[in-house]
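This is data31.cif. It holds mmCIF, C-alpha atoms.
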data_model
#
loop_
_atom_site.label_atom_id
_atom_site.label_comp_id
_atom_site.auth_asym_id
_atom_site.auth_seq_id
_atom_site.Cartn_x
_atom_site.Cartn_y
_atom_site.Cartn_z
CA MET A 1 21.63 12.06 -7.19
CA ALA A 2 19.52 12.83 -4.13
CA PHE A 3 16.48 11.22 -5.75
CA LEU A 4 18.48 8.11 -6.61
CA ALA A 5 19.58 7.91 -2.96
CA TYR A 6 15.96 8.14 -1.78
CA GLY A 7 15.00 5.35 -4.21
CA VAL A 8 17.89 3.05 -3.25
CA ALA A 9 17.19 3.58 0.45
CA GLY A 10 13.48 2.84 -0.08
CA VAL A 11 14.19 -0.42 -1.91
CA MET A 12 16.75 -1.47 0.74
CA PHE A 13 14.29 -0.69 3.53
CA GLY A 14 11.54 -2.68 1.81
CA LEU A 15 13.79 -5.66 1.10
CA GLY A 16 14.98 -5.57 4.72
CA LEU A 17 11.41 -5.75 6.00
CA ILE A 18 10.61 -8.64 3.64
CA LEU A 19 13.78 -10.59 4.52
CA ALA A 20 13.07 -10.06 8.22
CA GLY A 21 9.56 -11.46 7.75
CA MET A 22 8.03 -8.23 9.08
CA THR A 23 5.63 -7.92 6.15
CA ASP A 24 3.70 -10.78 7.79
CA PRO A 25 1.37 -9.36 10.48
CA ALA A 26 1.27 -12.83 12.10
CA LYS A 27 4.98 -12.56 12.99
CA VAL A 28 4.46 -9.16 14.57
CA LEU A 29 1.43 -10.30 16.59
CA ASN A 30 3.20 -13.47 17.71
CA PHE A 31 6.05 -11.30 18.99
CA LEU A 32 3.67 -9.06 20.90
CA ASP A 33 1.94 -12.11 22.43
CA VAL A 34 4.31 -12.58 25.38
CA LEU A 35 1.61 -14.48 27.29
CA ALA A 36 2.18 -17.26 24.74
CA ILE A 37 5.73 -17.86 25.99
CA PRO A 38 4.69 -20.80 28.22
CA ALA A 39 2.72 -22.31 25.31
CA GLY A 40 5.80 -22.08 23.05
CA THR A 41 4.19 -20.06 20.24
CA TRP A 42 5.99 -16.78 21.03
CA ASP A 43 8.06 -15.55 18.05
CA PRO A 44 10.92 -13.28 19.21
CA SER A 45 12.07 -12.47 15.63
CA LEU A 46 10.98 -8.82 15.84
CA ALA A 47 13.40 -8.18 18.72
CA LEU A 48 16.29 -9.28 16.49
CA VAL A 49 15.03 -7.13 13.61
CA LEU A 50 14.93 -4.09 15.87
CA GLY A 51 18.27 -5.01 17.42
CA GLY A 52 19.98 -5.54 14.05
CA ALA A 53 18.52 -2.34 12.59
CA THR A 54 19.25 -0.16 15.62
CA GLY A 55 22.76 -1.57 16.09
CA THR A 56 23.65 -0.99 12.44
CA THR A 57 22.19 2.51 12.49
CA LEU A 58 23.96 3.34 15.78
CA VAL A 59 27.36 2.53 14.30
CA GLY A 60 26.54 3.99 10.87
CA TYR A 61 25.20 7.28 12.26
CA ARG A 62 28.38 7.68 14.36
CA LEU A 63 30.49 7.48 11.19
CA VAL A 64 28.18 9.58 9.03
CA LEU A 65 27.43 12.34 11.55
CA ALA A 66 31.16 12.80 12.18
CA ARG A 67 31.27 14.40 8.71
CA THR A 68 30.34 18.05 8.29
CA ALA A 69 27.50 17.53 5.81
CA PRO A 70 25.70 14.77 3.85
CA LEU A 71 26.78 14.06 0.26
CA PHE A 72 23.83 15.62 -1.60
CA ALA A 73 22.43 18.15 0.87
CA PRO A 74 23.84 21.21 2.65
CA ARG A 75 23.26 19.89 6.19
CA PHE A 76 21.96 17.04 8.37
CA ASP A 77 18.30 17.43 9.25
CA LEU A 78 17.89 16.00 12.75
CA PRO A 79 14.90 16.33 15.10
CA GLY A 80 15.79 19.14 17.49
CA THR A 81 13.17 18.80 20.19
CA GLN A 82 13.89 16.79 23.33
CA LYS A 83 10.61 17.64 25.05
CA LEU A 84 8.64 14.78 26.60
CA ASP A 85 5.14 16.11 26.04
CA ALA A 86 1.58 14.80 26.07
CA ARG A 87 1.54 14.50 22.27
CA LEU A 88 4.46 12.07 22.31
CA ILE A 89 2.90 9.90 25.02
CA ILE A 90 -0.70 9.93 23.70
CA GLY A 91 0.39 9.53 20.08
CA SER A 92 2.71 6.62 20.82
CA GLY A 93 0.06 5.00 23.02
CA LEU A 94 -2.59 5.14 20.27
CA PHE A 95 -0.05 3.97 17.70
CA GLY A 96 0.72 0.87 19.79
CA ILE A 97 -2.96 -0.07 20.06
CA GLY A 98 -3.51 0.24 16.31
CA TRP A 99 -0.29 -1.65 15.56
CA ALA A 100 -1.45 -4.53 17.77
CA LEU A 101 -5.00 -4.61 16.38
CA ALA A 102 -3.84 -5.24 12.80
CA GLY A 103 -0.22 -6.38 13.18
CA LEU A 104 0.71 -3.60 10.77
CA CYS A 105 2.80 -0.45 11.16
CA PRO A 106 3.49 2.07 8.35
CA GLY A 107 6.51 0.40 6.68
CA PRO A 108 5.15 -3.15 6.43
CA ALA A 109 1.71 -1.80 5.44
CA ILE A 110 3.12 0.14 2.45
CA VAL A 111 5.44 -2.71 1.38
CA GLY A 112 2.74 -5.34 1.98
CA MET A 113 0.21 -3.42 -0.11
CA ALA A 114 1.82 -4.80 -3.27
CA LEU A 115 0.71 -8.30 -2.26
CA GLY A 116 -2.88 -7.17 -2.75
CA ALA A 117 -4.60 -8.49 0.40
CA PRO A 118 -7.92 -6.65 0.99
CA GLY A 119 -7.19 -6.20 4.73
CA VAL A 120 -3.93 -4.36 3.99
CA LEU A 121 -5.47 -2.38 1.11
CA LEU A 122 -8.13 -1.15 3.54
CA PHE A 123 -5.62 -0.42 6.33
CA VAL A 124 -3.39 1.88 4.26
CA PRO A 125 -5.96 4.55 3.27
CA ALA A 126 -7.30 4.60 6.85
CA MET A 127 -3.73 5.12 8.09
CA LEU A 128 -3.15 7.99 5.64
CA VAL A 129 -6.43 9.65 6.71
CA GLY A 130 -5.32 9.30 10.35
CA MET A 131 -2.00 10.98 9.52
CA VAL A 132 -3.60 13.99 7.86
CA ALA A 133 -6.16 14.25 10.70
CA ALA A 134 -3.36 14.29 13.27
CA ARG A 135 -1.43 17.02 11.46
CA LEU A 136 -4.58 19.16 11.06
CA THR A 137 -5.26 18.67 14.79
CA THR A 138 -1.75 19.68 15.87
CA ASN A 139 -1.82 22.67 13.47
CA ALA A 140 -5.11 23.85 15.03
CA LEU A 141 -3.74 23.35 18.55
CA ASP A 142 -0.56 25.28 17.68
CA ARG A 143 -2.59 28.19 16.28
CA ARG A 144 -4.61 28.33 19.50
CA VAL A 145 -1.46 28.38 21.60
CA GLN A 146 -0.07 31.21 19.47
CA ARG A 147 -3.27 33.25 19.87
CA THR A 148 -3.12 32.81 23.64
CA LEU A 149 0.52 33.82 23.74
CA LYS A 150 0.00 36.95 21.65
CA PRO A 151 -0.58 40.02 23.86
CA ALA A 152 -4.02 41.60 23.36
CA MET B 1 -4.04 -17.19 15.24
CA VAL B 2 -1.45 -18.25 12.68
CA GLU B 3 1.68 -19.77 14.19
CA THR B 4 5.05 -18.52 12.92
CA ALA B 5 8.54 -19.93 13.40
CA PHE B 6 11.33 -18.01 15.14
CA THR B 7 13.68 -16.98 12.31
CA PRO B 8 16.71 -15.46 14.05
CA TRP B 9 19.14 -15.19 11.12
CA SER B 10 16.80 -13.72 8.54
CA ALA B 11 15.41 -11.38 11.22
CA LEU B 12 18.89 -10.15 12.09
CA ALA B 13 19.96 -9.84 8.43
CA GLY B 14 16.74 -8.02 7.52
CA GLY B 15 17.29 -5.70 10.46
CA VAL B 16 20.83 -4.94 9.31
CA LEU B 17 19.51 -4.12 5.82
CA ILE B 18 16.92 -1.74 7.33
CA GLY B 19 19.71 -0.13 9.35
CA LEU B 20 21.90 0.24 6.25
CA SER B 21 19.00 1.95 4.49
CA ALA B 22 18.75 4.45 7.37
CA VAL B 23 22.51 5.06 7.21
CA VAL B 24 22.42 5.55 3.41
CA LEU B 25 19.63 8.11 3.75
CA MET B 26 21.52 10.03 6.45
CA ALA B 27 24.83 9.89 4.54
CA THR B 28 23.33 11.10 1.25
CA VAL B 29 20.46 13.48 2.00
CA GLY B 30 20.91 13.92 5.75
CA ARG B 31 17.45 12.72 6.74
CA ILE B 32 15.91 10.32 9.25
CA ALA B 33 14.41 7.17 7.66
CA GLY B 34 11.05 7.36 9.40
CA ILE B 35 8.18 5.90 7.40
CA SER B 36 5.35 7.87 9.03
CA GLY B 37 7.24 11.15 8.60
CA THR B 38 8.01 10.18 5.02
CA LEU B 39 4.35 9.49 4.22
CA LEU B 40 3.19 12.70 5.91
CA ARG B 41 5.63 14.78 3.84
CA VAL B 42 4.30 13.14 0.67
CA LEU B 43 0.68 13.79 1.72
CA MET B 44 1.20 17.32 3.06
CA PRO B 45 4.33 18.77 1.43
CA THR B 46 6.10 21.72 3.02
CA ASP B 47 9.32 21.53 0.97
CA ARG B 48 8.61 20.45 -2.62
CA ARG B 49 12.04 18.96 -3.31
CA GLU B 50 12.07 16.97 -0.09
CA SER B 51 8.54 15.69 -0.68
CA LEU B 52 9.49 14.49 -4.17
CA GLY B 53 12.47 12.64 -2.70
CA ARG B 54 10.25 11.08 -0.04
CA LEU B 55 7.84 10.00 -2.78
CA VAL B 56 10.70 8.25 -4.59
CA PHE B 57 11.50 6.46 -1.30
CA VAL B 58 7.87 5.27 -1.04
CA VAL B 59 7.99 4.04 -4.66
CA GLY B 60 11.10 2.07 -3.63
CA LEU B 61 9.18 0.49 -0.74
CA ILE B 62 6.28 -0.46 -3.03
CA ALA B 63 8.66 -1.89 -5.65
CA ALA B 64 10.51 -4.03 -3.09
CA PRO B 65 8.17 -7.07 -3.18
CA ALA B 66 8.43 -7.34 -6.99
CA ILE B 67 12.23 -7.04 -6.78
CA TRP B 68 12.34 -9.65 -3.99
CA MET B 69 10.26 -12.15 -5.98
CA ALA B 70 12.23 -11.54 -9.19
CA VAL B 71 15.60 -11.99 -7.47
CA THR B 72 14.88 -14.82 -5.02
CA GLY B 73 12.10 -16.58 -6.92
CA THR B 74 10.29 -17.09 -3.61
CA THR B 75 6.91 -15.76 -2.51
CA ILE B 76 6.37 -13.51 0.51
CA ALA B 77 4.41 -14.91 3.47
CA GLN B 78 1.63 -12.67 4.71
CA SER B 79 -1.34 -13.50 6.95
CA PRO B 80 -3.27 -10.27 6.41
CA PRO B 81 -5.90 -8.97 8.84
CA ASP B 82 -9.57 -9.39 7.85
CA ALA B 83 -10.89 -6.51 5.75
CA GLY B 84 -13.43 -5.20 8.24
CA SER B 85 -14.13 -2.25 10.52
CA LEU B 86 -11.40 -3.33 12.96
CA VAL B 87 -8.68 -2.87 10.35
CA VAL B 88 -10.01 0.61 9.54
CA ILE B 89 -9.88 1.56 13.23
CA ALA B 90 -6.38 0.09 13.46
CA GLY B 91 -5.24 2.11 10.42
CA LEU B 92 -6.71 5.35 11.79
CA LEU B 93 -5.00 4.77 15.17
CA VAL B 94 -1.64 3.93 13.58
CA GLY B 95 -1.69 6.98 11.30
CA PHE B 96 -3.05 9.43 13.87
CA GLY B 97 -0.81 8.14 16.66
CA ALA B 98 2.37 8.09 14.58
CA VAL B 99 1.97 11.69 13.42
CA LEU B 100 0.82 12.98 16.84
CA GLY B 101 3.77 11.19 18.49
CA ASN B 102 6.15 12.29 15.71
CA GLY B 103 7.28 8.82 14.71
CA CYS B 104 6.61 5.11 14.43
CA THR B 105 8.57 1.87 14.69
CA SER B 106 11.17 3.14 12.19
CA GLY B 107 11.61 6.80 13.17
CA HIS B 108 11.52 6.33 16.94
CA GLY B 109 12.33 2.60 17.03
CA VAL B 110 15.31 2.39 14.68
CA CYS B 111 16.64 5.91 14.02
CA GLY B 112 15.68 7.46 17.38
CA LEU B 113 17.08 4.66 19.52
CA ALA B 114 20.25 4.70 17.40
CA ARG B 115 20.62 8.40 18.18
CA LEU B 116 20.10 7.59 21.88
CA SER B 117 17.19 10.06 21.91
CA PRO B 118 15.33 10.05 25.26
CA ARG B 119 12.14 11.09 23.46
CA SER B 120 12.34 8.07 21.17
CA ALA B 121 13.12 5.73 24.07
CA VAL B 122 9.96 6.94 25.83
CA ALA B 123 7.92 6.62 22.61
CA VAL B 124 9.11 3.03 22.04
CA GLY B 125 8.42 2.13 25.69
CA VAL B 126 4.89 3.53 25.44
CA PHE B 127 3.92 1.94 22.11
CA MET B 128 5.41 -1.41 23.09
CA ALA B 129 3.45 -1.28 26.35
CA THR B 130 0.09 -0.48 24.72
CA ALA B 131 0.75 -3.02 21.93
CA LEU B 132 1.60 -5.81 24.41
CA ALA B 133 -1.50 -4.94 26.47
CA THR B 134 -3.73 -4.85 23.38
CA VAL B 135 -2.59 -8.29 22.17
CA ALA B 136 -2.87 -9.71 25.70
CA ILE B 137 -6.48 -8.51 25.93
CA ALA B 138 -7.43 -9.45 22.37
CA ARG B 139 -5.97 -12.96 22.58
CA HIS B 140 -6.32 -13.94 26.23
CA VAL B 141 -9.18 -11.94 27.74
CA ILE B 142 -11.81 -11.40 25.05
#
Please go through the file and, once you have read it, give me the structure as structure tokens.
Amino acid sequence: MAFLAYGVAGVMFGLGLILAGMTDPAKVLNFLDVLAIPAGTWDPSLALVLGGATGTTLVGYRLVLARTAPLFAPRFDLPGTQKLDARLIIGSGLFGIGWALAGLCPGPAIVGMALGAPGVLLFVPAMLVGMVAARLTTNALDRRVQRTLKPA
Amino acid sequence: MVETAFTPWSALAGGVLIGLSAVVLMATVGRIAGISGTLLRVLMPTDRRESLGRLVFVVGLIAAPAIWMAVTGTTIAQSPPDAGSLVVIAGLLVGFGAVLGNGCTSGHGVCGLARLSPRSAVAVGVFMATALATVAIARHVI
């Protein structure tokens, strides 16, 4: 049942992105182009997508997390850390630059891949390489920290 | 640049559907619907069962366009970026940044903001700021 839930959620997420028009990088870039507001070509759609998604999730999470456990798993798996560290700031900063260069973030890139455009098909493997590189980097950094913390 | 029309109703409805997906995932398997975290767990599994589930989610994402076209009979608009070195740099930055910062537009933007997480609020503020600045420079300075 858990696998079915993952599949249903994935299809819903993908259909939501398509319905919202977010699989079109032009819509994303035209949202980010706030300097185009005077010219009249600014497209605020993305704000409503984020608002609709966050609002729905806010209400839904309240209802769901009031239960003791999810339906097909022993417990809720929520991010525990609240630390505002350099990784969060630098990572998010780099992410924003890449997002704005192509008009693609991970969800729309994976969904949009099926449309077969060469630009998207090139973006996705580069993104996956970047992900693995980041995890290898943080793993190496964590090992170094642990060595330093260990008493000699 | 390609001009696009402001589509408030489909944007809102699509957003609600994305939110419902996040709620379904939390209600059933108790996990955050973050796409970068999902992809990372497929690429570098730590828990085999979870990674398989995440893979099924990704298959769902990939299947969505075919389902959309079969059900609605309409095509999906997409003005893709040019397949050049810039798109490779963009992909590397998106992947590296999302994993280093522990989330992207879905994990921090949708699920994190919905949980009122201060970390996610900072992440969204930072990536929105660098994205706005990047587009401003690319379209109005260069």
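Checking A:Ala117, A:Ala2, A:Leu35, A:Leu58 one by one against B:Val16, counting only C-alpha atoms, you find the shortest gap at A:Leu58.
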Discussion item. Selection in question (the file shown): the PyMOL selection byres ((chain A and resi 70-86) around 6). Which residues does it include, as a PyMOL selection string?
Written reply: (chain A and resi 2+69+87-90) or (chain B and resi 27-31+119)
Practice prompt. I need the residue set behind the PyMOL selection byres ((chain B and resi 39) around 10) for this file; please write it as a PyMOL selection string.
Written response: (chain A and resi 106-107+110+127-128+131-132) or (chain B and resi 34-38+40-45+51+54-55+57-58+95+99)
Residue contacts of B:Val94 (8 Å, all atoms listed in the file) excluding same-chain residues fewer than 2 positions away, as a PDB file with C-alpha atoms, in the coordinates of the input:
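Once everything was written out, this is around09.pdb:
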ATOM      1  CA  LEU A  94      -2.590   5.140  20.270  1.00  0.00           C
ATOM      2  CA  PHE A  95      -0.050   3.970  17.700  1.00  0.00           C
ATOM      3  CA  GLY A  96       0.720   0.870  19.790  1.00  0.00           C
ATOM      4  CA  ILE A  97      -2.960  -0.070  20.060  1.00  0.00           C
ATOM      5  CA  GLY A  98      -3.510   0.240  16.310  1.00  0.00           C
ATOM      6  CA  TRP A  99      -0.290  -1.650  15.560  1.00  0.00           C
ATOM      7  CA  CYS A 105       2.800  -0.450  11.160  1.00  0.00           C
ATOM      8  CA  PRO A 106       3.490   2.070   8.350  1.00  0.00           C
ATOM      9  CA  MET A 127      -3.730   5.120   8.090  1.00  0.00           C
ATOM     10  CA  GLY A 130      -5.320   9.300  10.350  1.00  0.00           C
TER      11      GLY A 130
ATOM     12  CA  ALA B  90      -6.380   0.090  13.460  1.00  0.00           C
ATOM     13  CA  GLY B  91      -5.240   2.110  10.420  1.00  0.00           C
ATOM     14  CA  LEU B  92      -6.710   5.350  11.790  1.00  0.00           C
ATOM     15  CA  PHE B  96      -3.050   9.430  13.870  1.00  0.00           C
ATOM     16  CA  GLY B  97      -0.810   8.140  16.660  1.00  0.00           C
ATOM     17  CA  ALA B  98       2.370   8.090  14.580  1.00  0.00           C
TER      18      ALA B  98
END
Worksheet item: Quick one: residues within 9 Å of B:Ala11, all atoms listed in the file counted, chain neighbours fewer than 6 positions away excluded, as a PyMOL selection string?
Response: chain A and resi 16-17+19-22+45-50+52
Discussion item. Ranking A:Val28, A:Met1, A:Ala109, A:Leu15 by minimum distance to B:Ala66 and counting only C-alpha atoms, which one comes first?
Written reply: A:Leu15
Practice prompt. Anything within 12 Å of (13.8, 2.4, 25.3): list those residues as a ChimeraX atom specification, counting all atoms listed in the file and sticking to the file's coordinates.
Written response: /A:50-51,54 /B:105,108-110,112-129
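Polymer residues near (18.8, 3.8, 4.1): counting only C-alpha atoms with a cut-off of 9 Å, they are Ala5, Tyr6, Val8, Ala9, Gly10, Val11, Met12 and Phe13 of chain A; Leu17, Ile18, Gly19, Leu20, Ser21, Ala22, Val23, Val24, Leu25, Met26, Ala27, Ile32 and Ala33 of chain B.
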Fill in: Hits from the PyMOL selection byres ((chain B and resi 75) around 12), listed as number ranges by chain
A: 18-19, 21, 23-24, 115; B: 65-74, 76-78
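Between chain B and the candidates A:Gly40, A:Ala133, A:Arg143, A:Gly116, the tightest atom-to-atom separation, counting all atoms listed in the file, involves A:Ala133.
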Fill in: Atom-to-atom span, atom CA of B:Cys104 and atom CA of A:Gln146, Å
27.4 Å
